[in-house]
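coords.cif follows (mmCIF, C-alpha atoms and all ligand atoms):
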data_final
#
loop_
_atom_site.label_atom_id
_atom_site.label_comp_id
_atom_site.auth_asym_id
_atom_site.auth_seq_id
_atom_site.Cartn_x
_atom_site.Cartn_y
_atom_site.Cartn_z
CA MET W 84 18.83 -10.03 5.09
CA LYS W 85 20.62 -9.61 1.74
CA TYR W 86 19.74 -6.53 -0.26
CA SER W 87 20.18 -5.84 -3.97
CA ASP W 88 22.04 -2.70 -5.09
CA PHE W 89 18.62 -1.08 -5.43
CA GLY W 90 17.70 -2.16 -1.88
CA GLN W 91 21.02 -0.96 -0.45
CA ARG W 92 20.23 2.55 -1.59
CA PHE W 93 17.15 2.66 0.62
CA LYS W 94 18.67 0.72 3.50
CA ALA W 95 21.42 3.31 3.84
CA GLY W 96 19.05 6.22 4.51
CA SER W 97 19.48 9.71 3.08
CA GLY W 98 18.91 13.39 3.70
CA ILE W 99 15.24 13.23 2.79
CA VAL W 100 14.73 10.20 5.07
CA GLU W 101 16.34 12.08 7.99
CA LEU W 102 14.19 15.10 7.20
CA MET W 103 10.91 13.19 7.08
CA ASP W 104 11.88 11.30 10.29
CA ASP W 105 12.43 14.64 12.00
CA LEU W 106 9.12 15.85 10.65
CA GLY W 107 7.24 12.80 11.91
CA THR W 108 8.85 13.10 15.35
CA ALA W 109 8.24 16.81 15.58
CA LEU W 110 4.64 16.87 14.45
CA ASN W 111 3.42 13.63 16.00
CA GLU W 112 5.56 12.70 18.98
CA ASN W 113 7.25 15.82 20.26
CA PRO W 114 5.13 18.86 19.43
CA ASP W 115 7.21 21.06 21.77
CA LEU W 116 10.13 21.02 19.31
CA ILE W 117 10.64 24.25 17.41
CA PHE W 118 10.03 22.82 14.00
CA MET W 119 11.64 24.85 11.25
CA GLY W 120 12.78 21.81 9.30
CA GLY W 121 10.55 20.05 6.79
CA GLY W 122 8.24 21.44 4.16
CA ASN W 123 4.92 20.77 5.82
CA PRO W 124 2.50 23.50 4.78
CA GLY W 125 1.08 25.81 7.44
CA GLN W 126 -2.48 25.57 8.74
CA ILE W 127 -4.67 28.22 7.10
CA PRO W 128 -8.16 28.29 8.70
CA GLU W 129 -10.00 29.66 5.63
CA VAL W 130 -8.47 27.03 3.39
CA GLU W 131 -9.14 24.18 5.80
CA ALA W 132 -12.75 25.39 6.15
CA PHE W 133 -13.15 25.42 2.36
CA PHE W 134 -11.91 21.84 1.93
CA GLN W 135 -13.96 20.67 4.93
CA LYS W 136 -17.12 22.08 3.38
CA GLU W 137 -16.36 20.49 0.02
CA LEU W 138 -15.61 17.14 1.63
CA ILE W 139 -18.86 17.11 3.63
CA LYS W 140 -20.94 18.22 0.63
CA HIS W 141 -19.49 15.52 -1.61
CA ALA W 142 -19.52 12.76 0.99
CA GLU W 143 -23.31 13.08 1.15
CA ASN W 144 -23.57 12.34 -2.57
CA PRO W 145 -23.58 8.53 -3.02
CA GLU W 146 -22.57 8.75 -6.68
CA TRP W 147 -19.53 10.94 -5.88
CA LEU W 148 -18.63 8.71 -2.97
CA HIS W 149 -18.73 5.52 -5.01
CA SER W 150 -16.83 7.00 -7.93
CA CYS W 151 -14.18 8.42 -5.56
CA LEU W 152 -13.76 5.57 -3.08
CA GLY W 153 -15.11 2.53 -4.88
CA VAL W 154 -13.56 2.74 -8.35
CA TYR W 155 -10.02 2.34 -9.71
CA GLN W 156 -9.90 5.35 -12.02
CA SER W 157 -7.66 5.36 -15.10
CA PRO W 158 -3.94 5.20 -14.24
CA GLN W 159 -3.58 8.53 -16.03
CA GLY W 160 -6.06 10.05 -13.56
CA GLU W 161 -9.80 10.63 -13.66
CA LYS W 162 -10.78 12.18 -16.99
CA SER W 163 -13.07 15.03 -15.92
CA PHE W 164 -10.37 16.29 -13.53
CA ARG W 165 -7.84 16.31 -16.37
CA GLU W 166 -10.36 18.06 -18.63
CA SER W 167 -11.06 20.76 -16.04
CA LEU W 168 -7.37 21.37 -15.45
CA ALA W 169 -6.56 21.45 -19.17
CA LYS W 170 -9.33 24.03 -19.65
CA LEU W 171 -8.06 26.14 -16.76
CA LEU W 172 -4.50 26.14 -18.11
CA LYS W 173 -5.72 26.87 -21.63
CA ASP W 174 -8.04 29.70 -20.53
CA THR W 175 -5.72 31.38 -18.01
CA GLN W 176 -2.31 30.75 -19.62
CA GLY W 177 -3.14 30.20 -23.27
CA TRP W 178 -1.29 26.86 -23.28
CA ASP W 179 -2.20 24.49 -26.08
CA ILE W 180 -3.02 21.44 -23.98
CA GLY W 181 -5.78 18.89 -23.55
CA PRO W 182 -6.47 16.12 -21.01
CA GLU W 183 -4.03 13.90 -22.94
CA ASN W 184 -1.20 16.19 -21.74
CA ILE W 185 -2.03 15.66 -18.06
CA MET W 186 -1.56 12.79 -15.65
CA ILE W 187 -1.92 12.29 -11.92
CA THR W 188 0.56 10.58 -9.62
CA ASN W 189 0.51 9.69 -5.94
CA GLY W 190 2.36 12.88 -4.97
CA SER W 191 4.83 14.68 -7.20
CA GLN W 192 7.75 12.99 -5.40
CA ALA W 193 6.62 9.67 -6.94
CA ALA W 194 6.40 11.38 -10.34
CA PHE W 195 10.02 12.55 -10.07
CA PHE W 196 11.22 9.07 -9.12
CA MET W 197 9.62 7.58 -12.24
CA LEU W 198 10.42 10.47 -14.56
CA PHE W 199 14.11 10.83 -13.69
CA ASN W 200 14.71 7.09 -14.00
CA MET W 201 12.78 6.88 -17.25
CA LEU W 202 14.94 9.56 -18.84
CA ALA W 203 18.36 9.08 -17.22
CA GLY W 204 20.59 6.21 -16.09
CA LYS W 205 22.01 3.37 -18.16
CA THR W 206 20.74 3.75 -21.74
CA THR W 207 21.28 1.53 -24.76
CA THR W 208 22.16 3.44 -27.90
CA GLU W 209 23.20 2.40 -31.41
CA SER W 210 26.85 2.59 -30.39
CA GLY W 211 26.57 0.77 -27.04
CA THR W 212 25.43 1.84 -23.59
CA GLU W 213 25.88 5.17 -21.92
CA ASP W 214 25.07 6.72 -18.53
CA ARG W 215 22.71 9.61 -19.00
CA HIS W 216 22.09 12.26 -16.35
CA ILE W 217 19.66 14.97 -15.29
CA LEU W 218 21.24 18.43 -15.32
CA LEU W 219 20.33 20.69 -12.40
CA PRO W 220 21.44 24.09 -13.69
CA LEU W 221 20.96 25.85 -10.37
CA VAL W 222 21.96 24.39 -7.02
CA PRO W 223 21.09 24.55 -4.13
CA GLU W 224 18.16 22.41 -5.29
CA TYR W 225 15.44 20.22 -3.73
CA ILE W 226 16.81 17.63 -1.27
CA GLY W 227 14.15 15.14 -2.40
CA TYR W 228 15.79 14.63 -5.81
CA THR W 229 19.08 13.43 -4.34
CA ASP W 230 18.38 9.74 -3.89
CA THR W 231 15.75 9.19 -6.55
CA GLY W 232 18.22 7.57 -8.96
CA VAL W 233 17.96 3.78 -9.16
CA GLU W 234 21.57 4.12 -10.30
CA GLN W 235 24.16 6.31 -8.63
CA ASN W 236 25.16 9.69 -10.03
CA LEU W 237 21.91 10.47 -11.79
CA PHE W 238 22.44 14.24 -11.39
CA LYS W 239 25.02 16.74 -12.50
CA SER W 240 25.24 20.31 -11.29
CA SER W 241 27.77 23.09 -10.98
CA ARG W 242 28.32 26.20 -8.91
CA PRO W 243 25.80 28.98 -9.29
CA ALA W 244 26.75 32.62 -9.65
CA ILE W 245 26.17 34.60 -6.45
CA HIS W 246 24.75 38.05 -6.90
CA GLN W 247 25.01 40.31 -3.84
CA LEU W 248 21.85 42.43 -3.70
CA SER W 249 22.47 44.40 -0.48
CA ASP W 250 24.40 44.05 2.80
CA HIS W 251 22.48 40.97 3.94
CA ARG W 252 20.69 39.76 0.81
CA PHE W 253 21.93 37.73 -2.15
CA LYS W 254 20.53 35.75 -5.06
CA TYR W 255 21.82 32.68 -6.89
CA GLN W 256 21.79 32.84 -10.68
CA VAL W 257 22.39 30.21 -13.33
CA ASP W 258 26.03 30.42 -14.43
CA PHE W 259 25.49 29.72 -18.13
CA GLU W 260 29.26 29.92 -18.75
CA SER W 261 29.95 26.85 -16.63
CA LEU W 262 26.81 24.91 -17.59
CA GLU W 263 27.86 21.74 -19.33
CA ILE W 264 25.33 20.01 -21.55
CA THR W 265 26.65 16.87 -23.20
CA GLU W 266 25.32 14.06 -25.37
CA GLN W 267 24.57 12.26 -22.09
CA THR W 268 22.37 15.00 -20.66
CA ALA W 269 18.85 13.56 -20.58
CA ALA W 270 16.89 16.55 -19.28
CA ILE W 271 17.25 19.88 -17.49
CA CYS W 272 15.33 20.28 -14.23
CA VAL W 273 14.64 23.27 -11.97
CA SER W 274 12.28 23.84 -9.07
CA ARG W 275 10.62 27.25 -9.40
CA PRO W 276 10.33 28.81 -6.87
CA THR W 277 13.29 26.81 -5.66
CA ASN W 278 13.21 24.70 -2.56
CA PRO W 279 15.37 25.43 -0.47
CA THR W 280 16.25 29.03 -1.34
CA GLY W 281 12.94 30.63 -2.36
CA ASN W 282 14.72 31.70 -5.56
CA MET W 283 12.48 32.52 -8.50
CA ILE W 284 14.51 31.60 -11.57
CA THR W 285 13.92 34.59 -13.80
CA ASP W 286 11.85 34.53 -16.99
CA GLU W 287 15.05 35.34 -18.92
CA GLU W 288 16.94 32.42 -17.35
CA LEU W 289 14.02 30.14 -18.19
CA VAL W 290 13.94 31.28 -21.81
CA GLN W 291 17.66 30.52 -22.05
CA LEU W 292 17.24 27.08 -20.43
CA ASN W 293 14.35 26.35 -22.77
CA ARG W 294 16.54 27.31 -25.76
CA LEU W 295 19.31 24.97 -24.55
CA ALA W 296 16.82 22.13 -24.02
CA LEU W 297 15.37 22.58 -27.52
CA ASP W 298 18.82 22.81 -29.10
CA HIS W 299 19.83 19.53 -27.46
CA ASP W 300 16.49 17.83 -28.04
CA ILE W 301 15.90 17.16 -24.35
CA PRO W 302 12.97 18.18 -22.14
CA LEU W 303 12.96 21.03 -19.63
CA ILE W 304 11.38 19.88 -16.34
CA ILE W 305 9.90 22.60 -14.14
CA ASP W 306 8.98 21.56 -10.62
CA GLY W 307 6.15 23.89 -9.68
CA ALA W 308 5.36 22.36 -6.25
CA TYR W 309 5.25 25.94 -4.85
CA GLY W 310 4.75 27.70 -8.11
CA LEU W 311 2.58 28.67 -10.97
CA PRO W 312 -0.27 28.64 -11.59
CA PHE W 313 -1.04 27.06 -8.19
CA PRO W 314 -0.33 27.26 -5.26
CA ASN W 315 1.28 30.48 -6.53
CA LEU W 316 3.66 31.00 -3.63
CA VAL W 317 5.54 33.54 -5.69
CA PHE W 318 6.43 36.87 -4.09
CA GLY W 319 8.91 38.03 -6.68
CA LYS W 320 8.52 38.40 -10.43
CA GLY W 321 8.01 35.51 -12.84
CA GLN W 322 5.50 34.17 -15.35
CA PRO W 323 4.20 30.60 -15.66
CA PHE W 324 5.99 28.72 -18.42
CA TRP W 325 5.07 25.74 -20.59
CA ASN W 326 5.51 24.58 -24.16
CA ASN W 327 5.44 21.19 -25.80
CA ASN W 328 9.02 20.51 -24.70
CA THR W 329 8.28 21.25 -21.04
CA ILE W 330 7.26 18.84 -18.30
CA LEU W 331 5.60 20.85 -15.56
CA ALA W 332 5.14 19.08 -12.22
CA LEU W 333 2.41 20.44 -9.96
CA SER W 334 1.17 19.25 -6.58
CA LEU W 335 -1.81 19.73 -4.29
CA SER W 336 0.45 19.47 -1.23
CA LYS W 337 1.33 23.10 -0.67
CA LEU W 338 -2.30 24.13 -1.05
CA GLY W 339 -2.62 22.50 2.37
CA LEU W 340 -3.36 18.98 1.14
CA PRO W 341 -0.12 16.99 1.59
CA GLY W 342 -2.16 14.11 3.01
CA VAL W 343 -4.06 13.41 -0.20
CA ARG W 344 -0.77 12.70 -2.05
CA THR W 345 -1.66 14.18 -5.41
CA GLY W 346 0.96 15.15 -7.96
CA ILE W 347 0.16 16.34 -11.48
CA LEU W 348 2.33 16.25 -14.58
CA VAL W 349 1.64 18.47 -17.59
CA GLY W 350 3.76 17.45 -20.54
CA PRO W 351 4.09 16.26 -24.13
CA GLU W 352 1.68 13.45 -24.92
CA ASP W 353 4.33 10.75 -25.50
CA ILE W 354 5.98 11.34 -22.11
CA ILE W 355 2.60 11.43 -20.37
CA SER W 356 1.71 8.15 -22.05
CA SER W 357 5.00 6.44 -21.02
CA MET W 358 4.70 7.83 -17.50
CA THR W 359 1.14 6.50 -17.31
CA HIS W 360 2.46 3.02 -18.14
CA ALA W 361 5.04 3.38 -15.36
CA ASN W 362 2.33 4.58 -13.00
CA THR W 363 0.23 1.52 -13.81
CA VAL W 364 3.10 -0.82 -13.01
CA THR W 365 4.08 0.89 -9.76
CA SER W 366 0.69 2.06 -8.45
CA LEU W 367 -2.02 0.43 -10.61
CA ALA W 368 -4.05 3.62 -10.25
CA CYS W 369 -3.84 6.89 -8.31
CA GLY W 370 -5.61 8.03 -5.19
CA ASN W 371 -8.88 9.75 -6.12
CA ILE W 372 -9.53 11.91 -3.08
CA GLY W 373 -7.26 14.81 -4.09
CA PRO W 374 -8.49 15.18 -7.69
CA PHE W 375 -12.14 14.66 -6.70
CA LEU W 376 -11.86 17.20 -3.88
CA VAL W 377 -10.49 20.03 -6.02
CA ARG W 378 -12.18 19.19 -9.36
CA ASP W 379 -15.06 21.68 -8.91
CA ALA W 380 -12.78 24.39 -7.53
CA ILE W 381 -10.57 24.04 -10.60
CA ALA W 382 -13.58 24.20 -12.92
CA ASP W 383 -15.17 27.29 -11.30
CA GLY W 384 -11.90 29.14 -10.65
CA LYS W 385 -12.24 29.03 -6.84
CA LEU W 386 -8.89 27.26 -6.45
CA LEU W 387 -6.91 30.12 -7.97
CA GLY W 388 -8.99 32.51 -5.81
CA LEU W 389 -8.02 30.59 -2.65
CA CYS W 390 -4.35 30.83 -3.64
CA ASN W 391 -4.47 34.56 -4.23
CA GLN W 392 -6.77 35.50 -1.37
CA PHE W 393 -5.48 33.29 1.45
CA ILE W 394 -2.54 31.00 0.69
CA LYS W 395 -0.06 33.41 -0.87
CA PRO W 396 -0.75 36.25 1.62
CA PHE W 397 -0.46 33.79 4.53
CA TYR W 398 3.08 32.82 3.54
CA GLN W 399 4.12 36.27 2.41
CA THR W 400 3.19 37.74 5.81
CA LYS W 401 4.96 34.94 7.66
CA MET W 402 8.03 35.31 5.48
CA GLN W 403 8.24 39.04 6.24
CA GLU W 404 7.80 38.47 10.00
CA ALA W 405 10.53 35.81 9.99
CA LEU W 406 12.84 37.99 7.91
CA ASP W 407 12.39 41.01 10.20
CA CYS W 408 13.09 38.80 13.19
CA ILE W 409 16.28 37.44 11.57
CA ASP W 410 17.48 40.93 10.67
CA GLU W 411 16.99 41.97 14.28
CA GLU W 412 18.36 38.94 16.13
CA LEU W 413 21.35 38.27 13.88
CA ALA W 414 22.29 41.91 13.37
CA ASP W 415 25.76 41.49 14.96
CA LEU W 416 26.59 38.40 12.89
CA PRO W 417 27.92 38.04 9.31
CA TYR W 418 24.70 36.46 8.03
CA GLN W 419 23.24 36.48 4.53
CA VAL W 420 19.67 35.62 3.49
CA HIS W 421 18.73 34.55 -0.02
CA GLU W 422 16.21 37.03 -1.43
CA PRO W 423 12.90 35.35 -0.55
CA GLU W 424 11.00 35.33 -3.84
CA GLY W 425 8.69 32.40 -3.11
CA ALA W 426 8.07 28.96 -1.50
CA ILE W 427 7.93 28.57 2.29
CA PHE W 428 11.56 28.74 3.37
CA LEU W 429 14.39 31.10 4.13
CA TRP W 430 17.90 30.11 3.12
CA LEU W 431 20.58 31.45 5.42
CA TRP W 432 24.26 31.63 4.60
CA PHE W 433 26.91 32.21 7.27
CA PRO W 434 30.14 33.01 5.38
CA ASN W 435 33.23 31.30 6.88
CA LEU W 436 31.16 29.54 9.53
CA PRO W 437 33.73 27.71 11.70
CA ILE W 438 31.53 24.59 12.08
CA THR W 439 29.79 22.54 9.37
CA SER W 440 26.10 22.99 8.63
CA GLU W 441 25.58 19.42 9.94
CA GLU W 442 27.22 20.36 13.27
CA LEU W 443 25.02 23.45 13.49
CA TYR W 444 21.95 21.29 12.76
CA GLN W 445 22.98 18.83 15.53
CA ARG W 446 23.61 21.62 18.06
CA LEU W 447 20.24 23.21 17.31
CA LYS W 448 18.49 19.84 17.49
CA ALA W 449 20.05 19.24 20.93
CA LYS W 450 18.50 22.57 22.00
CA GLY W 451 15.05 21.57 20.69
CA MET W 452 15.04 23.25 17.28
CA LEU W 453 14.96 21.57 13.88
CA VAL W 454 16.35 23.13 10.71
CA VAL W 455 17.82 21.41 7.64
CA ALA W 456 21.59 21.41 7.10
CA GLY W 457 22.47 23.04 3.79
CA HIS W 458 24.90 20.45 2.40
CA HIS W 459 21.97 18.15 1.52
CA PHE W 460 20.82 20.57 -1.18
CA PHE W 461 23.62 20.14 -3.70
CA PRO W 462 22.63 17.01 -5.65
CA GLY W 463 25.03 16.22 -8.48
CA MET W 464 27.77 18.56 -7.27
CA GLU W 465 30.88 16.58 -6.45
CA GLU W 466 33.30 19.47 -6.33
CA GLU W 467 34.39 20.61 -2.86
CA TRP W 468 32.94 24.00 -2.09
CA GLY W 469 32.99 25.49 1.43
CA HIS W 470 29.71 27.28 0.74
CA LYS W 471 27.86 23.93 0.91
CA GLN W 472 28.75 23.73 4.62
CA GLU W 473 27.83 27.31 5.47
CA CYS W 474 24.08 27.32 4.85
CA ILE W 475 20.86 26.12 6.47
CA ARG W 476 17.22 26.10 5.41
CA VAL W 477 14.52 27.25 7.81
CA SER W 478 10.77 27.01 7.33
CA TYR W 479 8.53 29.78 8.65
CA ALA W 480 5.21 27.94 8.30
CA GLN W 481 4.84 27.47 12.10
CA PRO W 482 3.16 30.06 14.38
CA PHE W 483 5.30 33.20 14.83
CA ASP W 484 6.04 32.67 18.54
CA LYS W 485 7.80 29.41 17.58
CA VAL W 486 9.65 31.05 14.69
CA GLU W 487 10.79 33.87 16.96
CA ALA W 488 12.01 31.45 19.64
CA GLY W 489 13.80 29.47 16.92
CA VAL W 490 15.54 32.51 15.44
CA LYS W 491 16.74 33.53 18.94
CA LEU W 492 18.18 30.06 19.50
CA LEU W 493 19.79 30.12 16.08
CA ALA W 494 21.41 33.50 16.78
CA GLN W 495 22.82 32.15 20.06
CA GLU W 496 24.30 29.02 18.48
CA VAL W 497 25.75 30.80 15.46
CA ARG W 498 27.27 33.50 17.68
CA LYS W 499 28.81 30.79 19.85
CA ALA W 500 30.26 29.04 16.80
CA TYR W 501 31.90 32.21 15.48
CA GLU W 502 33.22 33.06 18.99
CA GLU W 503 34.74 29.59 19.45
CA ALA W 504 36.84 29.95 16.31
C1 LIG Q 1 10.38 21.30 -4.70
C2 LIG Q 1 9.54 20.14 -4.34
N1 LIG Q 1 9.17 19.28 -5.27
C3 LIG Q 1 8.41 18.21 -5.01
C4 LIG Q 1 7.99 17.95 -3.72
C5 LIG Q 1 7.17 16.72 -3.47
O1 LIG Q 1 5.89 17.06 -3.03
P1 LIG Q 1 4.65 16.07 -3.05
O2 LIG Q 1 5.19 14.67 -3.25
O3 LIG Q 1 4.00 16.25 -1.72
O4 LIG Q 1 3.79 16.48 -4.20
C6 LIG Q 1 8.35 18.81 -2.68
C7 LIG Q 1 7.92 18.55 -1.30
O5 LIG Q 1 8.22 19.22 -0.37
C8 LIG Q 1 9.14 19.94 -3.00
O6 LIG Q 1 9.53 20.79 -2.05
#
Could I get this structure in the form of structure tokens?
Amino acid sequence: MKYSDFGQRFKAGSGIVELMDDLGTALNENPDLIFMGGGNPGQIPEVEAFFQKELIKHAENPEWLHSCLGVYQSPQGEKSFRESLAKLLKDTQGWDIGPENIMITNGSQAAFFMLFNMLAGKTTTESGTEDRHILLPLVPEYIGYTDTGVEQNLFKSSRPAIHQLSDHRFKYQVDFESLEITEQTAAICVSRPTNPTGNMITDEELVQLNRLALDHDIPLIIDGAYGLPFPNLVFGKGQPFWNNNTILALSLSKLGLPGVRTGILVGPEDIISSMTHANTVTSLACGNIGPFLVRDAIADGKLLGLCNQFIKPFYQTKMQEALDCIDEELADLPYQVHEPEGAIFLWLWFPNLPITSEELYQRLKAKGMLVVAGHHFFPGMEEEWGHKQECIRVSYAQPFDKVEAGVKLLAQEVRKAYEEA
């Protein structure tokens, strides 16, 4: 079979493909694996019970059922859902938005694929063509961006500053000195809280990034898959942020609904309109189940209540348990943990690790534990930097006995690697 350049990109596989393969194997075929790899949300009984009740209630209503299952809704997403969400964001955050600023996609991953390629890549200008890029001002950054470019080299990034907070804790910060915005920079993008590190880019950093975006007449994209205002997996400080130069990407996945594949973009009307056209071409319309399922809970405020009462505390408790376990089991090793300020992961750094993060991943996998090797999380960074090979990401969404067994295995393998050197 002959593939186009576009086809070759998918044929070759990538970090995110490996990750989702691992996830499928672990969750469906080999449930005995200690799965601390992918970003599947944990199972929260109160939240599952809430959605079950909603689903049963609605399924008994023939009008709801027909409208949800039997109708192609607008490619921008069903209007009353967009109205409810616009009202929520206006009432709780004071943002000046209406339903025209909101669109739905089949998962936020699909939104990023369309958005990045609509803004960056080969672009015709008055003076010819140029290759425009998305600037990621803070890496490590989400593995899922890496291969979204229809063209190669869609991203540019540079080293972050590393701020040591205490003996075993550190935090990445945007190094504004080395940030290079050029005429070819199409947009700035950050995930907040950041996957993989759990970093909460500070309000001050965001204000500065917003200033740079405005000065260069490019949008600031904030990926809020774990963030504000929902699912609100934020344990550190940080306020929600939006203005008419911001594209905020939200998702229902980390509320516990990854299966409904609902992403939401909140942005300036012209971008939402262009993205809706792209959505029509690629998807015709979006899945209705996600928006229909949460529409009432958005309108009556129950969704934010679920986040605050159950979802955030669930992850915060698990994060603390995992962190305590790491501090205990790795105490004799030169480990560092990124300050966990949000999301559902811990980012571990082993300075001067004698093996690569890929080798560590393979050794752990052979022992029945899945993590994600850190080098995948540096999209757009071509420069050699040993740090890229010294980190791994672990998820703590699984039951604690699994996390504890995983941390013990990790300590063994890392100790062995340092001793072999
Ligand atoms: C930072 C970030 N953005 C976007 C996504 C995509 O999520 P979804 O397509 O399920 O909305 C993920 C998924 O894990 C993520 O971690």
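Residues in contact with ligand LIG 1 (chain Q) comprise Gly122, Gly190, Ser191, Gln192, Ala193, Tyr225, Gly227, Ser274, Thr277, Asn278, Asp306, Ala308, Tyr309, Ser334, Leu335, Ser336, Pro341, Arg344, Thr345 and Gly346 of chain W, where contact means an atom-to-atom distance of at most 7 Å counting all atoms listed in the file.
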**Fill in**
From the list W:Phe196, W:Glu234, W:Ser150, W:Gln403, the nearest residue to W:Ser87 using all atoms listed in the file is W:Glu234
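Distance check against W:Thr285 using only C-alpha atoms: of W:Val364, W:Glu424, W:Leu218, W:Leu416, the minimum falls on W:Glu424.
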**Prompt:** atom CA of W:Glu166 and atom CA of W:Leu148 are how many Å apart?
**Reply:**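 Taking atom CA of W:Glu166 as the start and atom CA of W:Leu148 as the end point, the length is 20.0 Å.
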**Message:** Need to verify the contact set: stretch 298-304 of chain W, 7 Å, only C-alpha atoms, exclusion of same-chain residues closer than 2 positions in sequence. Can you return it as a list in words?
**Reply:** Ala269, Ala270, Ile271, Cys272, Val273, Asn293, Arg294, Leu295, Ala296, Asp306, Asn328, Thr329, Ile330 and Leu331 of chain W
**Request:** Give me, please, the distance in Å between atom CA of W:Asn200 and atom CA of W:Asp353, quoted to one decimal.
**Result:**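 Between atom CA of W:Asn200 and atom CA of W:Asp353 the gap works out to 15.9 Å.
Considering the residues W:Glu352, W:Glu288, W:Asp383, W:Asp410 and counting only C-alpha atoms, W:Ile185 has its shortest atom-to-atom contact with W:Glu352.
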